[in-house]
Amino acid sequence: MGKSLGPGKDPDRDIVHSADASPSDLQRIAGTRPDLLPDIAAHPNAYPDLLAWLATHQDPAIEDALARRGWTSGGQQSMPQQLAHQHVPASPAGSLPSPQNRKNNKRKWMLGIGTALVLVLAVTGGFFGARFLSGSDYDKAPSQKAAVDLADVGRNAQLTQLQADDDADVEQQLVRVVDPRQSVIMALHEKTLQPTWMAPVPHADVTEPDPADVVDEDPEADAGDPADDDAKDSGPKLAGTPIDCTWNADFVVCGDRRISLKDGEVTLKPGDVSNGSKSDDSSDGTDNENTDAAEVKDLTTEAVPVTVNDDGKLRSPSGTPYPDVNVDPEATVRMVGAGKDGPWVVSDGKTVVAVDADSVLWKSDLSEEAATATGLGEPRLRPNWTIEDKVLVIADDAGVHGLAVDSGQELWRVDAEVYSFTVSGTHLMIMSDGVLEVFDFTDSSDVDTVKGDPGYNLGDGGAIAKFPGADAFKNAKLSTPPGCVEFGLAYEDYYLGDGPLEPKPEHEVEFSDGEASADDGHYSGIAMEKFTTTRMGTKALTAIEFSCNGGGTYIYPSIGIYDEDLNLLDSIELWDDVEDRGNSADISGYAPKPYFTSVSPMGQYLELNVGGIGTYGDDGCTACEKSANADVLYRWDGKSFAHQDTVYHVPSGDVRTPAMAEVQKFAEAVAAGNDTEASRSATPEMMSSLDDVLGDGQTSNPPTVRSEQFPKGVKVDTCELIQPYEDGDYGGGEYYFGNGKTMQYLSARDEIRAGDTVCGVTTPDTGSGDEYYLYLLLRGTPNGSVKVYEAGRQFS
């Protein structure tokens, strides 16, 4: 890494002019720098024996400094000094006295010296200022309190700030960890500082990852003990745009997701749209603009009155240019302030500059690694630096340190291998190679430099779950996802609808080196492909991705979730449409050969990215390219992983299919003539067509769209992402629903866009056979809101 922050031209002078110079520092410098003795005599941390030793020097400047602080010529302290210091036995005559490890409480000294404060300020030039009076602990090195193993979340993941609103509980310890495709929000236990829950938040505008950016997970590596392959350098890069999050006393709100602080439950927040996604009216069938460099709203930067000209010059609040200061006008310039009147710190990710209202206080270069750890230079992340009680907390080449913002003088540091850090309330959190180290500013260290320990307390009290490792699974008899067993090992006996809901003894499989073959040896059988671990409290969970080969070119993936005793807790099989297993309905569209791009268990959540989903506009053949993928989220409800959410990533943006119950409300509102309610879920054109007359209109009471398609008893039977569809192709124009029912054709083809939804509808007159005669077309929306734009009908 590059240079440390701060001036650093004369380190000894900088220390002596620092409010936090320790007695040991002063004693060391006094023995080597006679030119600094007057300044040491004026320093509030100079202990009595050191002052007595200084008084033996016949130097007018030293004598003047001692007199100003109330030290008499006879070597006695005035009353204020006697209150401030306890007596320390003198060292042998002629030697430089030692502080003898005495702890100096600066705040008590400041409150005890009374009128002598004015004299000390005059002699020292006011170098310590009002920060002494704040009672803050940010001017001292924090003490380490915990280490959290987050290797399952992401070894090269990055921390970023999580904004709190006015109602937030400042004692709540929340952490936001940003992985390549999503963020993980977690709450730490108030005492153990271990995660009590974790919840995922997908990034907006995530596209299929470039194969070059994907780290190939070694299936031979032990689960829960990943090998260190220089993950920082070879790990996947940030994809899409992390959604901005804020939190209050009850919830974390991230775009359209609302996360309960009580237990981490994720629910959709109706009416909101994920940032970076198009609204329902703006989708035009074209690709979104590249949002890879979209900047997040940074409230600290907006609060700083310093401005940046197009040429990179900085201007003060009064409009005056700062001399000899330039930032890169092409870079993302971020700012942080100590208050409305400054000082302010400005950085473009390469240079750090501290200014006040009319001058440059100090400046320094920032290495690329330190900028990455601080969140500077990445416009999609909110920077992690902060100013607390006039102390700038920022990363440098060797860890994280606190600088006096007005001078750049280092006050303390935490030595650690830092990939990222953040300050949350009174805690400093440092992320390095999959370990989150937590330090506490309310329990400051007695030393200026603290060495971070990534193994701190990890084994104490069973806080960390014990993973059995991949080898424990590869040569064991395991209950295995039932669809996978029946398809991969007993294909000839595999009939849709015959499989049980729960795994049975016949679904126990004997694995050898992670593989199992059918008895007749004809089919390739089942293979363990990847292992991913997480923890649910102190319970170790392992997700195994199985490859299930029933013969031919159809090879399907299944997920089994196992505990530390190798028991199968649940399985996810999105391709297996046995009705009572439930998983296949969690995605729609055309997915003849789905595959998992990523499997991400975290706490009580499991998220899969599923590729190979065809949508409207794609070709309909099995081998044709599919343009969509989906993030599918599950949550452990105590018995099984219950489906929570599915977000489809289509060429025009992110969409969700609406809940059938919400579409049903629209249909019932139309049937009841409640157009005010119905219009909230339909386009104006759809609403204006409800009373259009059907037929020639010659009868006294002609049928209308409303009377025929929305009678009393109308039922929305199914809703799904519209599949690839072309008249006459692959079925003579019929449209095939995922539930097996058909429709003669789809109308309004010129209006359908990729990501739109079709719902099959029945009425008391049309029945519920194998074919739908009525249907609704809905515009795809990011939050799954209902927007009906066509009510179709077809009768022979």
# chains A, B, ... in the order shown; residues from 1 in each chain; ligands from 1

$ residues_around --residues "Asp446 (chain A)" --least-positions-apart "3" --cutoff "9 Å" --atoms "only C-alpha atoms" --output "number ranges by chain"
A: 103, 140-141, 143, 449

$ residues_around --residues "His649 (chain A)" --least-positions-apart "5" --cutoff "6 Å" --atoms "only C-alpha atoms" --output "number ranges by chain"
A: 628-630, 654

$ select_by_dssp --residues "region 635-776 of chain A" --states "alpha helix (DSSP H)" --output "VMD selection string"
chain A and resid 660 to 671 675 to 678 684 to 688 705 to 709

$ residues_around --residues "region 691-698 of chain A" --least-positions-apart "3" --cutoff "12 Å" --atoms "only C-alpha atoms" --output "VMD selection string"
chain A and resid 670 to 671 673 675 685 to 688 701 to 710 791 793

$ closest_residue --among "A:Cys621, A:Ala585, A:Met602, A:Val423" --to "Met536 (chain A)" --atoms "only C-alpha atoms"
A:Met602

$ closest_residue --among "A:Ala168, A:Val663, A:Leu690, A:Val438" --to "Val714 (chain A)" --atoms "only C-alpha atoms"
A:Val663

$ closest_residue --among "A:Asp717, A:Leu568, A:Asp586, A:Ser364" --to "Gly767 (chain A)" --atoms "only C-alpha atoms"
A:Asp717

$ select_by_dssp --residues "region 353-504 of chain A" --states "strand (DSSP E)" --output "compact mmCIF listing (two decimals) with N, CA and C atoms, in the first residue's frame"
# COMPACT_ATOMS: atom_id res chain seq x y z
N VAL A 353 -7.96 15.64 1.29
CA VAL A 353 -7.67 17.03 1.61
C VAL A 353 -8.59 17.48 2.73
N ALA A 354 -8.02 18.06 3.78
CA ALA A 354 -8.81 18.64 4.87
C ALA A 354 -8.73 20.16 4.76
N VAL A 355 -9.90 20.81 4.83
CA VAL A 355 -9.96 22.26 4.71
C VAL A 355 -10.87 22.82 5.78
N VAL A 360 -6.34 25.40 3.55
CA VAL A 360 -6.08 23.97 3.51
C VAL A 360 -5.36 23.57 4.80
N LEU A 361 -5.93 22.64 5.54
CA LEU A 361 -5.36 22.22 6.81
C LEU A 361 -4.26 21.18 6.61
N TRP A 362 -4.51 20.20 5.76
CA TRP A 362 -3.52 19.19 5.43
C TRP A 362 -4.03 18.38 4.25
N LYS A 363 -3.13 17.68 3.60
CA LYS A 363 -3.53 16.82 2.50
C LYS A 363 -2.57 15.65 2.41
N SER A 364 -3.03 14.57 1.78
CA SER A 364 -2.23 13.36 1.71
C SER A 364 -2.70 12.51 0.54
N ASP A 365 -1.80 11.68 0.02
CA ASP A 365 -2.19 10.72 -1.00
C ASP A 365 -2.92 9.54 -0.36
N THR A 386 -15.77 8.42 8.54
CA THR A 386 -16.68 9.21 9.36
C THR A 386 -15.85 10.16 10.21
N ILE A 387 -16.47 11.24 10.63
CA ILE A 387 -15.85 12.14 11.60
C ILE A 387 -16.70 12.12 12.85
N GLU A 388 -16.10 11.68 13.94
CA GLU A 388 -16.77 11.60 15.23
C GLU A 388 -15.98 12.44 16.23
N VAL A 391 -12.67 13.62 15.10
CA VAL A 391 -11.73 12.56 14.77
C VAL A 391 -12.17 11.91 13.46
N LEU A 392 -11.29 11.95 12.46
CA LEU A 392 -11.55 11.30 11.17
C LEU A 392 -11.13 9.84 11.27
N VAL A 393 -12.08 8.92 11.05
CA VAL A 393 -11.79 7.49 11.04
C VAL A 393 -11.71 7.06 9.59
N ILE A 394 -10.56 6.55 9.17
CA ILE A 394 -10.32 6.24 7.77
C ILE A 394 -9.29 5.12 7.69
N ALA A 395 -9.29 4.39 6.56
CA ALA A 395 -8.30 3.33 6.37
C ALA A 395 -7.00 3.92 5.84
N ASP A 396 -5.89 3.26 6.18
CA ASP A 396 -4.63 3.56 5.54
C ASP A 396 -3.98 2.24 5.16
N GLY A 399 -4.12 -0.55 8.19
CA GLY A 399 -5.30 -0.81 9.00
C GLY A 399 -6.25 0.35 8.96
N VAL A 400 -6.84 0.66 10.11
CA VAL A 400 -7.75 1.79 10.27
C VAL A 400 -7.17 2.68 11.36
N HIS A 401 -7.25 4.00 11.17
CA HIS A 401 -6.74 4.88 12.21
C HIS A 401 -7.61 6.11 12.35
N GLY A 402 -7.44 6.77 13.50
CA GLY A 402 -8.15 8.00 13.79
C GLY A 402 -7.21 9.17 13.69
N LEU A 403 -7.62 10.20 12.96
CA LEU A 403 -6.80 11.39 12.78
C LEU A 403 -7.52 12.59 13.36
N ALA A 404 -6.77 13.48 14.00
CA ALA A 404 -7.33 14.77 14.38
C ALA A 404 -7.65 15.50 13.09
N GLU A 410 -2.15 11.58 13.60
CA GLU A 410 -2.69 10.28 14.00
C GLU A 410 -2.84 10.23 15.52
N LEU A 411 -4.02 9.84 15.97
CA LEU A 411 -4.32 9.72 17.39
C LEU A 411 -4.25 8.27 17.84
N TRP A 412 -4.64 7.35 16.99
CA TRP A 412 -4.63 5.93 17.31
C TRP A 412 -4.72 5.14 16.02
N ARG A 413 -4.47 3.86 16.12
CA ARG A 413 -4.65 3.00 14.96
C ARG A 413 -4.98 1.59 15.40
N VAL A 414 -5.65 0.87 14.50
CA VAL A 414 -5.89 -0.56 14.65
C VAL A 414 -5.17 -1.24 13.48
N ASP A 415 -4.14 -1.99 13.80
CA ASP A 415 -3.39 -2.71 12.77
C ASP A 415 -4.15 -3.97 12.41
N SER A 420 -12.24 -3.93 4.21
CA SER A 420 -13.29 -2.92 4.35
C SER A 420 -13.49 -2.66 5.83
N PHE A 421 -14.10 -1.52 6.16
CA PHE A 421 -14.42 -1.21 7.55
C PHE A 421 -15.65 -0.32 7.57
N THR A 422 -16.26 -0.17 8.73
CA THR A 422 -17.32 0.80 8.93
C THR A 422 -17.42 1.11 10.41
N VAL A 423 -18.04 2.23 10.74
CA VAL A 423 -18.32 2.60 12.12
C VAL A 423 -19.83 2.56 12.30
N SER A 424 -20.28 1.77 13.26
CA SER A 424 -21.70 1.65 13.55
C SER A 424 -21.90 2.00 15.02
N HIS A 427 -19.16 1.25 17.65
CA HIS A 427 -18.33 0.12 17.26
C HIS A 427 -17.61 0.38 15.93
N LEU A 428 -16.35 0.02 15.90
CA LEU A 428 -15.58 -0.04 14.66
C LEU A 428 -15.59 -1.48 14.20
N MET A 429 -15.96 -1.70 12.92
CA MET A 429 -16.03 -3.05 12.38
C MET A 429 -15.10 -3.15 11.18
N ILE A 430 -14.24 -4.15 11.19
CA ILE A 430 -13.25 -4.33 10.14
C ILE A 430 -13.45 -5.70 9.50
N MET A 431 -13.56 -5.73 8.18
CA MET A 431 -13.76 -6.98 7.43
C MET A 431 -12.45 -7.34 6.74
N SER A 432 -12.01 -8.58 6.93
CA SER A 432 -10.77 -9.03 6.31
C SER A 432 -10.83 -10.53 6.10
N VAL A 435 -13.62 -12.50 7.89
CA VAL A 435 -13.79 -12.33 9.34
C VAL A 435 -14.13 -10.88 9.62
N LEU A 436 -15.19 -10.67 10.40
CA LEU A 436 -15.59 -9.34 10.85
C LEU A 436 -15.07 -9.15 12.27
N GLU A 437 -14.12 -8.22 12.43
CA GLU A 437 -13.58 -7.92 13.75
C GLU A 437 -14.30 -6.69 14.30
N VAL A 438 -14.77 -6.76 15.55
CA VAL A 438 -15.58 -5.71 16.16
C VAL A 438 -14.81 -5.09 17.31
N PHE A 439 -14.69 -3.75 17.29
CA PHE A 439 -13.98 -2.98 18.32
C PHE A 439 -14.94 -1.97 18.93
N ASP A 440 -14.72 -1.65 20.19
CA ASP A 440 -15.65 -0.82 20.94
C ASP A 440 -14.97 0.47 21.40
N PHE A 441 -15.52 1.64 20.99
CA PHE A 441 -14.98 2.93 21.40
C PHE A 441 -15.36 3.30 22.83
N THR A 442 -16.35 2.63 23.40
CA THR A 442 -16.71 2.94 24.78
C THR A 442 -15.78 2.25 25.78
N ASP A 443 -14.94 1.36 25.28
CA ASP A 443 -13.94 0.70 26.12
C ASP A 443 -12.59 0.88 25.44
N SER A 444 -12.07 2.09 25.50
CA SER A 444 -10.88 2.43 24.75
C SER A 444 -9.66 1.72 25.32
N THR A 449 -1.85 1.94 19.72
CA THR A 449 -1.98 1.02 18.59
C THR A 449 -2.51 -0.32 19.08
N VAL A 450 -3.59 -0.77 18.46
CA VAL A 450 -4.21 -2.05 18.81
C VAL A 450 -4.00 -3.00 17.63
N LYS A 451 -3.60 -4.20 17.93
CA LYS A 451 -3.41 -5.22 16.90
C LYS A 451 -4.68 -6.05 16.78
N LYS A 477 -24.26 -42.30 3.67
CA LYS A 477 -25.62 -42.63 3.25
C LYS A 477 -26.51 -41.49 3.69
N LEU A 478 -27.12 -40.79 2.73
CA LEU A 478 -27.86 -39.56 3.01
C LEU A 478 -29.26 -39.63 2.46
N SER A 479 -30.21 -39.04 3.20
CA SER A 479 -31.48 -38.71 2.58
C SER A 479 -31.19 -37.64 1.53

$ atom_distance --atom1 "CA of Asp35 (chain A)" --atom2 "CA of Pro23 (chain A)"
17.8 Å

$ closest_residue --among "A:Asn475, A:Pro379, A:Ser22, A:Gly617" --to "Asp750 (chain A)" --atoms "only C-alpha atoms"
A:Gly617

$ closest_residue --among "A:Pro305, A:Gly342, A:Gly349, A:Pro200" --to "Leu608 (chain A)" --atoms "only C-alpha atoms"
A:Pro200

$ residues_around --residues "Ala21 (chain A)" --least-positions-apart "5" --cutoff "9 Å" --atoms "only C-alpha atoms" --output "compact mmCIF listing (two decimals) with N, CA and C atoms, in the first residue's frame"
# COMPACT_ATOMS: atom_id res chain seq x y z
N ILE A 15 3.75 14.77 17.39
CA ILE A 15 3.29 14.09 18.61
C ILE A 15 3.18 15.09 19.76
N VAL A 16 4.21 15.91 19.92
CA VAL A 16 4.21 16.87 21.03
C VAL A 16 3.08 17.88 20.86
N LEU A 26 6.19 11.59 25.52
CA LEU A 26 6.83 12.82 25.95
C LEU A 26 8.18 12.53 26.60
N HIS A 43 2.84 20.83 27.75
CA HIS A 43 1.86 19.79 27.41
C HIS A 43 1.12 19.29 28.66
N ASN A 45 -0.09 16.50 29.36
CA ASN A 45 0.20 15.12 29.74
C ASN A 45 1.61 14.95 30.32
N LEU A 411 -4.02 9.84 15.97
CA LEU A 411 -4.32 9.72 17.39
C LEU A 411 -4.25 8.27 17.84

$ closest_residue --among "A:Leu150, A:Leu193, A:Ile526, A:Ala642" --to "Gly582 (chain A)" --atoms "only C-alpha atoms"
A:Ala642

$ residues_around --residues "Ala398 (chain A)" --least-positions-apart "6" --cutoff "8 Å" --atoms "only C-alpha atoms" --output "list in words"
Met1, Asp415, Ala416, Glu417 and Val418 of chain A
